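Q: This is query39.pdb (PDB, C-alpha atoms).
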```pdb
ATOM      1  CA  MET A1283     -39.940  75.510  73.577
ATOM      2  CA  GLN A1284     -42.874  75.084  75.955
ATOM      3  CA  ILE A1285     -44.799  78.293  76.603
ATOM      4  CA  THR A1286     -46.498  77.462  79.888
ATOM      5  CA  SER A1287     -48.678  79.632  82.088
ATOM      6  CA  GLU A1288     -45.620  80.060  84.331
ATOM      7  CA  VAL A1289     -43.571  81.353  81.396
ATOM      8  CA  LEU A1290     -46.359  83.771  80.446
ATOM      9  CA  ALA A1291     -46.677  84.957  84.054
ATOM     10  CA  GLY A1292     -43.044  86.081  83.814
ATOM     11  CA  VAL A1293     -43.574  88.295  80.739
ATOM     12  CA  PRO A1294     -42.651  91.854  81.772
ATOM     13  CA  ALA A1295     -45.874  93.888  81.561
ATOM     14  CA  GLU A1296     -44.045  96.896  80.105
ATOM     15  CA  ASN A1297     -42.829  94.815  77.137
ATOM     16  CA  VAL A1298     -46.219  93.639  75.869
ATOM     17  CA  ARG A1299     -49.310  95.798  75.490
ATOM     18  CA  VAL A1300     -51.674  93.113  74.204
ATOM     19  CA  PRO A1301     -53.360  90.601  76.516
ATOM     20  CA  VAL A1302     -50.745  88.096  77.690
ATOM     21  CA  GLU A1303     -53.027  85.223  76.573
ATOM     22  CA  ASP A1304     -53.033  86.629  73.015
ATOM     23  CA  PHE A1305     -49.286  87.112  73.179
ATOM     24  CA  GLY A1306     -48.876  83.502  74.293
ATOM     25  CA  ALA A1307     -51.086  82.228  71.468
ATOM     26  CA  VAL A1308     -49.050  84.046  68.802
ATOM     27  CA  TRP A1309     -45.769  82.967  70.413
ATOM     28  CA  ARG A1310     -46.932  79.321  70.494
ATOM     29  CA  ARG A1311     -47.979  79.544  66.824
ATOM     30  CA  ALA A1312     -44.574  80.968  65.878
ATOM     31  CA  GLU A1313     -42.739  78.192  67.728
ATOM     32  CA  SER A1314     -44.972  75.543  66.139
ATOM     33  CA  GLU A1315     -44.667  77.062  62.661
ATOM     34  CA  CYS A1316     -40.856  77.086  62.910
ATOM     35  CA  VAL A1317     -40.791  73.399  63.788
ATOM     36  CA  ARG A1318     -43.348  72.523  61.101
ATOM     37  CA  LEU A1319     -41.459  74.399  58.392
ATOM     38  CA  VAL A1320     -38.064  72.980  59.365
ATOM     39  CA  LEU A1321     -39.478  69.447  59.157
ATOM     40  CA  SER A1322     -41.403  70.167  55.937
ATOM     41  CA  SER A1323     -40.151  68.933  52.598
ATOM     42  CA  SER A1324     -41.375  72.083  50.827
ATOM     43  CA  ARG A1325     -38.733  74.281  52.527
ATOM     44  CA  ASP A1326     -40.614  77.574  52.275
ATOM     45  CA  MET A1327     -37.695  79.644  53.534
ATOM     46  CA  ARG A1328     -39.560  82.983  53.469
ATOM     47  CA  ALA A1329     -42.265  81.549  55.750
ATOM     48  CA  ALA A1330     -39.656  79.827  57.943
ATOM     49  CA  ASP A1331     -37.589  82.999  58.284
ATOM     50  CA  TYR A1332     -40.731  85.057  58.997
ATOM     51  CA  ALA A1333     -41.852  82.622  61.722
ATOM     52  CA  SER A1334     -38.302  82.597  63.111
ATOM     53  CA  GLY A1335     -38.350  86.403  63.324
ATOM     54  CA  VAL A1336     -41.698  86.374  65.153
ATOM     55  CA  MET A1337     -40.489  83.609  67.479
ATOM     56  CA  GLY A1338     -37.247  85.425  68.316
ATOM     57  CA  ALA A1339     -39.069  88.690  68.968
ATOM     58  CA  CYS A1340     -41.590  86.963  71.265
ATOM     59  CA  ARG A1341     -38.877  85.154  73.203
ATOM     60  CA  TRP A1342     -37.013  88.442  73.651
ATOM     61  CA  LEU A1343     -40.102  90.444  74.657
ATOM     62  CA  ALA A1344     -40.951  87.761  77.213
ATOM     63  CA  ALA A1345     -37.425  87.830  78.672
ATOM     64  CA  ALA A1346     -37.603  84.053  78.344
ATOM     65  CA  ASP A1347     -34.815  81.602  78.990
ATOM     66  CA  VAL A1348     -34.130  79.667  75.800
ATOM     67  CA  PRO A1349     -32.251  76.428  75.176
ATOM     68  CA  LEU A1350     -28.699  76.703  73.937
ATOM     69  CA  GLY A1351     -27.078  73.583  72.544
ATOM     70  CA  GLY A1352     -27.984  70.167  73.815
ATOM     71  CA  GLY A1353     -28.590  67.125  71.666
ATOM     72  CA  GLY A1354     -26.532  63.976  71.507
ATOM     73  CA  GLY A1355     -27.848  63.002  74.927
ATOM     74  CA  MET A1356     -26.684  66.263  76.518
ATOM     75  CA  GLU A1357     -29.040  68.569  78.362
ATOM     76  CA  PRO A1358     -29.261  72.053  76.823
ATOM     77  CA  LEU A1359     -27.942  75.058  78.668
ATOM     78  CA  TRP A1360     -30.538  77.763  79.236
ATOM     79  CA  THR A1361     -29.775  81.401  78.576
ATOM     80  CA  PRO A1362     -31.865  84.601  78.415
ATOM     81  CA  ALA A1363     -33.203  85.293  74.919
ATOM     82  CA  SER A1364     -31.188  87.952  73.162
ATOM     83  CA  ALA A1365     -32.537  90.705  70.959
ATOM     84  CA  PRO A1366     -33.497  89.298  67.548
ATOM     85  CA  ILE A1367     -31.154  91.791  65.849
ATOM     86  CA  PRO A1368     -28.363  93.963  67.236
ATOM     87  CA  VAL A1369     -28.655  97.698  67.765
ATOM     88  CA  ASP A1370     -25.417  99.666  67.607
ATOM     89  CA  GLY A1371     -23.493  96.405  67.880
ATOM     90  CA  GLN A1372     -25.274  95.433  71.113
ATOM     91  CA  TRP A1373     -27.855  92.726  71.881
ATOM     92  CA  PRO A1374     -29.888  94.596  74.543
ATOM     93  CA  ALA A1375     -32.398  93.214  77.015
ATOM     94  CA  ALA A1376     -36.005  94.090  76.161
ATOM     95  CA  THR A1377     -37.216  97.345  77.688
ATOM     96  CA  PRO A1378     -39.623  99.898  76.196
ATOM     97  CA  ALA A1379     -36.657 101.950  74.913
ATOM     98  CA  THR A1380     -34.788  99.007  73.400
ATOM     99  CA  ILE A1381     -37.982  97.576  71.873
ATOM    100  CA  GLU A1382     -38.438 100.821  69.966
ATOM    101  CA  ALA A1383     -34.748 100.836  68.978
ATOM    102  CA  VAL A1384     -34.957  97.255  67.644
ATOM    103  CA  ARG A1385     -38.129  98.101  65.734
ATOM    104  CA  ARG A1386     -36.448 101.140  64.117
ATOM    105  CA  GLU A1387     -33.356  99.051  63.332
ATOM    106  CA  GLY A1388     -35.571  96.381  61.753
ATOM    107  CA  TRP A1389     -37.159  98.952  59.446
ATOM    108  CA  SER A1390     -33.741 100.348  58.555
ATOM    109  CA  LEU A1391     -32.348  96.883  57.802
ATOM    110  CA  MET A1392     -35.354  96.058  55.598
ATOM    111  CA  GLU A1393     -34.418  99.038  53.437
ATOM    112  CA  ARG A1394     -30.750  97.951  53.319
ATOM    113  CA  PHE A1395     -31.553  94.284  52.613
ATOM    114  CA  PRO A1396     -34.664  94.202  50.367
ATOM    115  CA  GLY A1397     -33.857  90.617  49.320
ATOM    116  CA  GLY A1398     -33.616  89.397  52.909
ATOM    117  CA  TYR A1399     -31.487  90.076  55.952
ATOM    118  CA  VAL A1400     -27.815  89.093  55.735
ATOM    119  CA  ARG A1401     -26.409  89.024  59.265
ATOM    120  CA  ARG A1402     -22.777  88.899  58.198
ATOM    121  CA  PRO A1403     -20.986  88.970  54.842
ATOM    122  CA  GLY A1404     -21.177  85.631  53.084
ATOM    123  CA  ALA A1405     -24.234  84.442  55.038
ATOM    124  CA  GLU A1406     -27.400  83.450  53.197
ATOM    125  CA  ALA A1407     -30.157  86.045  52.920
ATOM    126  CA  ARG A1408     -33.138  85.484  55.210
ATOM    127  CA  PRO A1409     -36.169  86.896  53.382
ATOM    128  CA  GLY A1410     -39.046  87.516  55.776
ATOM    129  CA  PHE A1411     -36.945  87.443  58.972
ATOM    130  CA  LEU A1412     -36.909  91.201  59.571
ATOM    131  CA  GLU A1413     -40.566  91.498  58.620
ATOM    132  CA  GLY A1414     -41.419  88.862  61.241
ATOM    133  CA  ILE A1415     -39.519  90.774  63.912
ATOM    134  CA  VAL A1416     -41.089  94.131  63.055
ATOM    135  CA  ASP A1417     -44.603  92.661  62.718
ATOM    136  CA  ALA A1418     -44.283  90.991  66.144
ATOM    137  CA  LEU A1419     -42.954  94.139  67.844
ATOM    138  CA  VAL A1420     -45.586  96.417  66.293
ATOM    139  CA  TRP A1421     -48.386  93.988  67.201
ATOM    140  CA  ALA A1422     -47.158  93.332  70.757
ATOM    141  CA  TYR A1423     -47.241  97.071  71.363
ATOM    142  CA  GLY A1424     -50.872  97.196  70.212
ATOM    143  CA  GLN A1425     -50.066  99.161  67.061
ATOM    144  CA  GLY A1426     -50.815  96.676  64.302
ATOM    145  CA  PRO A1427     -52.375  93.365  63.303
ATOM    146  CA  GLN A1428     -51.156  90.005  64.549
ATOM    147  CA  PRO A1429     -48.187  88.553  62.654
ATOM    148  CA  LYS A1430     -49.325  86.515  59.651
ATOM    149  CA  LEU A1431     -48.047  83.087  60.626
ATOM    150  CA  GLY A1432     -48.825  80.349  58.138
ATOM    151  CA  ALA A1433     -49.243  82.857  55.294
ATOM    152  CA  THR A1434     -46.913  83.011  52.325
ATOM    153  CA  ASP A1435     -47.049  86.782  51.795
ATOM    154  CA  HIS A1436     -45.715  88.902  54.660
ATOM    155  CA  HIS A1437     -45.912  92.659  54.891
ATOM    156  CA  HIS A1438     -44.625  94.734  57.787
ATOM    157  CA  ALA A1439     -46.931  97.142  59.575
TER     158      ALA A1439
END
```
Let me see whether you can do it: turn the structure in this file into structure tokens.
A:
Amino acid sequence: MQITSEVLAGVPAENVRVPVEDFGAVWRRAESECVRLVLSSSRDMRAADYASGVMGACRWLAAADVPLGGGGGMEPLWTPASAPIPVDGQWPAATPATIEAVRREGWSLMERFPGGYVRRPGAEARPGFLEGIVDALVWAYGQGPQPKLGATDHHHA
């Protein structure tokens, strides 16, 4: 996904409390890291899931339109980014209240799934995914360090 100056200009100010340029730099790194790790032969799933969590949180915070489908010569459909994890069975739009609710839910899910988030029974665990979400949300609200993209050890704030 291209994070242009126009995309960054549309980031709701109430959703991000760090400079929008810094937010854009981290978001771009997350997008790039996801692509790099998917194409890599090493398949570091913890790093890929962490980067995916950061990427999803940034897309959601930015209220960005994201591609859905496409491929095979078809143009993708574009849809608003959904919350990276559900809260009370809902996928809310990003607002200060829902950002805090998703952050709390992320912490709660990390306790329930210490080996990695399992979205539904039978799905593979995604170690690092929840940590990426929480790290991105805490950082974007100016309450913690930048997400550790490209690192192999991820700790939530």
Q: Give me, as a ChimeraX atom specification, all polymer residues having an atom no more than 12 Å from Gly1335 of chain A, counting only C-alpha atoms and skipping those fewer than 2 positions away in the same chain.
A: /A:1309,1312-1313,1315-1316,1327-1333,1337-1342,1365-1367,1385,1388,1398-1399,1408-1419,1429-1431,1436,1438
Q: If I take atom CA of Ala1383 of chain A and atom CA of Leu1343 of chain A, how far is one from the other in Å, to one decimal?
A: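 The value is 13.0 Å.
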Q: Counting all atoms listed in the file, which of A:Val1302, A:Val1348, A:Val1317, A:Val1308 gets nearest to Pro1427 of chain A?
A: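 Checking each candidate against Pro1427 of chain A, we get A:Val1308 as the closest.
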Q: With distances taken over all atoms listed in the file, which residue among A:Ser1322, A:Pro1362, A:Pro1368, A:Ala1376 lies nearest Pro1294 of chain A?
A: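 Counting all atoms listed in the file, the residue closest to Pro1294 of chain A is A:Ala1376.
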Q: To one decimal place in Å, what is the distance between atom CA of Asp1370 of chain A and atom CA of Met1283 of chain A?
A: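 Separation of atom CA of Asp1370 of chain A and atom CA of Met1283 of chain A: 28.8 Å.
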Q: Please provide the set of residues having any atom within 9 Å of Val1369 of chain A, restricted to all atoms listed in the file, with same-chain residues fewer than 2 positions apart removed, written as a PyMOL selection string.
A: chain A and resi 1365+1367+1371-1374+1380+1383-1384+1387
Q: Kindly indicate which residue among A:Arg1401, A:Arg1318, A:Arg1310, A:Arg1394 lies nearest to Ser1287 of chain A, using all atoms listed in the file for the distances.
A: A:Arg1310
Q: I'd like the contact shell of Thr1286 of chain A - 10 Å cut-off, all atoms listed in the file, skipping same-chain residues fewer than 4 positions apart - returned as a PyMOL selection string.
A: chain A and resi 1290-1291+1306+1310
Q: Kindly save the residues from that selection, with C-alpha atoms included, as a CSV table (one decimal), in the coordinates of the input.
A:
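Written out: selection17.csv:
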```csv
chain,number,residue,atom,x,y,z
A,1290,LEU,CA,-46.4,83.8,80.4
A,1291,ALA,CA,-46.7,85.0,84.1
A,1306,GLY,CA,-48.9,83.5,74.3
A,1310,ARG,CA,-46.9,79.3,70.5
```
Q: Tell me which protein, DNA and RNA residues are within 10 Å of Gln1425 of chain A, counting all atoms listed in the file, leaving out same-chain ones fewer than 4 positions away, and put them as a list of chain:residue names.
A: A:Arg1299, A:Val1300, A:Asp1417, A:Leu1419, A:Val1420, A:Trp1421, A:Ala1439
Q: May I ask for the distance between atom CA of Glu1382 of chain A and atom CA of Asp1304 of chain A, given in Å to one decimal place?
A: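 Going from atom CA of Glu1382 of chain A over to atom CA of Asp1304 of chain A, I get 20.6 Å.
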Q: Which residue is closest to Glu1288 of chain A? Choose from A:Met1392, A:Ala1422, A:Ala1346, A:Val1336 and count only C-alpha atoms.
A: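 Between A:Met1392, A:Ala1422, A:Ala1346, A:Val1336, the residue approaching Glu1288 of chain A most closely is A:Ala1346.
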Q: Find the axis-aligned box for segment 1396-1405 of chain A, covering all its listed atoms and adding 4 Å on each side, and write its centre and edge lengths in Å to one decimal as AutoDock Vina command-line options.
A:
```
--center_x -27.8 --center_y 89.3 --center_z 54.3 --size_x 21.7 --size_y 17.8 --size_z 17.9
```
Q: Which residue out of A:Ala1363, A:Ile1381, A:Leu1319, A:Leu1350 has the minimum interatomic distance to Glu1296 of chain A when all atoms listed in the file are used?
A: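 Among the listed residues, the smallest separation from Glu1296 of chain A belongs to A:Ile1381.
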Q: Using only C-alpha atoms, which residue out of A:Met1356, A:Ile1285, A:Val1400, A:Val1320 lies closest to Ala1344 of chain A?
A: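 Result for the nearest residue to Ala1344 of chain A: A:Ile1285.
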Q: Write segment 1329-1340 of chain A as a compact mmCIF listing (two decimals), in the frame of the given file, completed to all heavy atoms.
A:
```txt
# COMPACT_ATOMS: atom_id res chain seq x y z
N ALA A 1329 -41.36 81.80 54.63
CA ALA A 1329 -42.26 81.55 55.75
C ALA A 1329 -41.49 81.12 56.99
O ALA A 1329 -41.80 81.54 58.11
CB ALA A 1329 -43.30 80.50 55.37
N ALA A 1330 -40.46 80.29 56.80
CA ALA A 1330 -39.66 79.83 57.94
C ALA A 1330 -38.90 80.99 58.57
O ALA A 1330 -38.85 81.12 59.80
CB ALA A 1330 -38.68 78.73 57.51
N ASP A 1331 -38.32 81.85 57.75
CA ASP A 1331 -37.59 83.00 58.28
C ASP A 1331 -38.54 83.99 58.96
O ASP A 1331 -38.20 84.58 59.99
CB ASP A 1331 -36.79 83.68 57.18
CG ASP A 1331 -35.57 82.88 56.77
OD1 ASP A 1331 -35.12 82.01 57.54
OD2 ASP A 1331 -35.05 83.13 55.66
N TYR A 1332 -39.74 84.18 58.38
CA TYR A 1332 -40.73 85.06 59.00
C TYR A 1332 -41.11 84.52 60.38
O TYR A 1332 -41.08 85.25 61.38
CB TYR A 1332 -41.96 85.17 58.10
CG TYR A 1332 -43.02 86.11 58.64
CD1 TYR A 1332 -42.95 87.48 58.38
CD2 TYR A 1332 -44.08 85.64 59.39
CE1 TYR A 1332 -43.91 88.35 58.88
CE2 TYR A 1332 -45.04 86.50 59.89
CZ TYR A 1332 -44.96 87.85 59.63
OH TYR A 1332 -45.91 88.71 60.13
N ALA A 1333 -41.47 83.24 60.44
CA ALA A 1333 -41.85 82.62 61.72
C ALA A 1333 -40.70 82.70 62.72
O ALA A 1333 -40.91 82.93 63.92
CB ALA A 1333 -42.30 81.17 61.50
N SER A 1334 -39.48 82.51 62.24
CA SER A 1334 -38.30 82.60 63.11
C SER A 1334 -38.15 84.01 63.67
O SER A 1334 -37.81 84.19 64.85
CB SER A 1334 -37.05 82.19 62.32
OG SER A 1334 -35.90 82.34 63.11
N GLY A 1335 -38.41 85.02 62.85
CA GLY A 1335 -38.35 86.40 63.32
C GLY A 1335 -39.39 86.68 64.39
O GLY A 1335 -39.11 87.31 65.42
N VAL A 1336 -40.63 86.20 64.16
CA VAL A 1336 -41.70 86.37 65.15
C VAL A 1336 -41.33 85.65 66.44
O VAL A 1336 -41.44 86.20 67.54
CB VAL A 1336 -43.05 85.87 64.60
CG1 VAL A 1336 -44.13 85.90 65.70
CG2 VAL A 1336 -43.50 86.68 63.39
N MET A 1337 -40.86 84.40 66.32
CA MET A 1337 -40.49 83.61 67.48
C MET A 1337 -39.38 84.30 68.29
O MET A 1337 -39.48 84.43 69.52
CB MET A 1337 -40.02 82.22 67.05
CG MET A 1337 -39.60 81.33 68.19
SD MET A 1337 -38.98 79.73 67.61
CE MET A 1337 -37.40 80.22 66.91
N GLY A 1338 -38.35 84.76 67.62
CA GLY A 1338 -37.25 85.42 68.32
C GLY A 1338 -37.69 86.69 69.02
O GLY A 1338 -37.27 86.97 70.15
N ALA A 1339 -38.56 87.46 68.35
CA ALA A 1339 -39.07 88.69 68.97
C ALA A 1339 -39.91 88.36 70.20
O ALA A 1339 -39.78 89.02 71.24
CB ALA A 1339 -39.88 89.49 67.95
N CYS A 1340 -40.76 87.34 70.11
CA CYS A 1340 -41.59 86.96 71.26
C CYS A 1340 -40.74 86.47 72.42
O CYS A 1340 -40.97 86.86 73.57
CB CYS A 1340 -42.60 85.89 70.85
SG CYS A 1340 -43.94 86.51 69.82
```
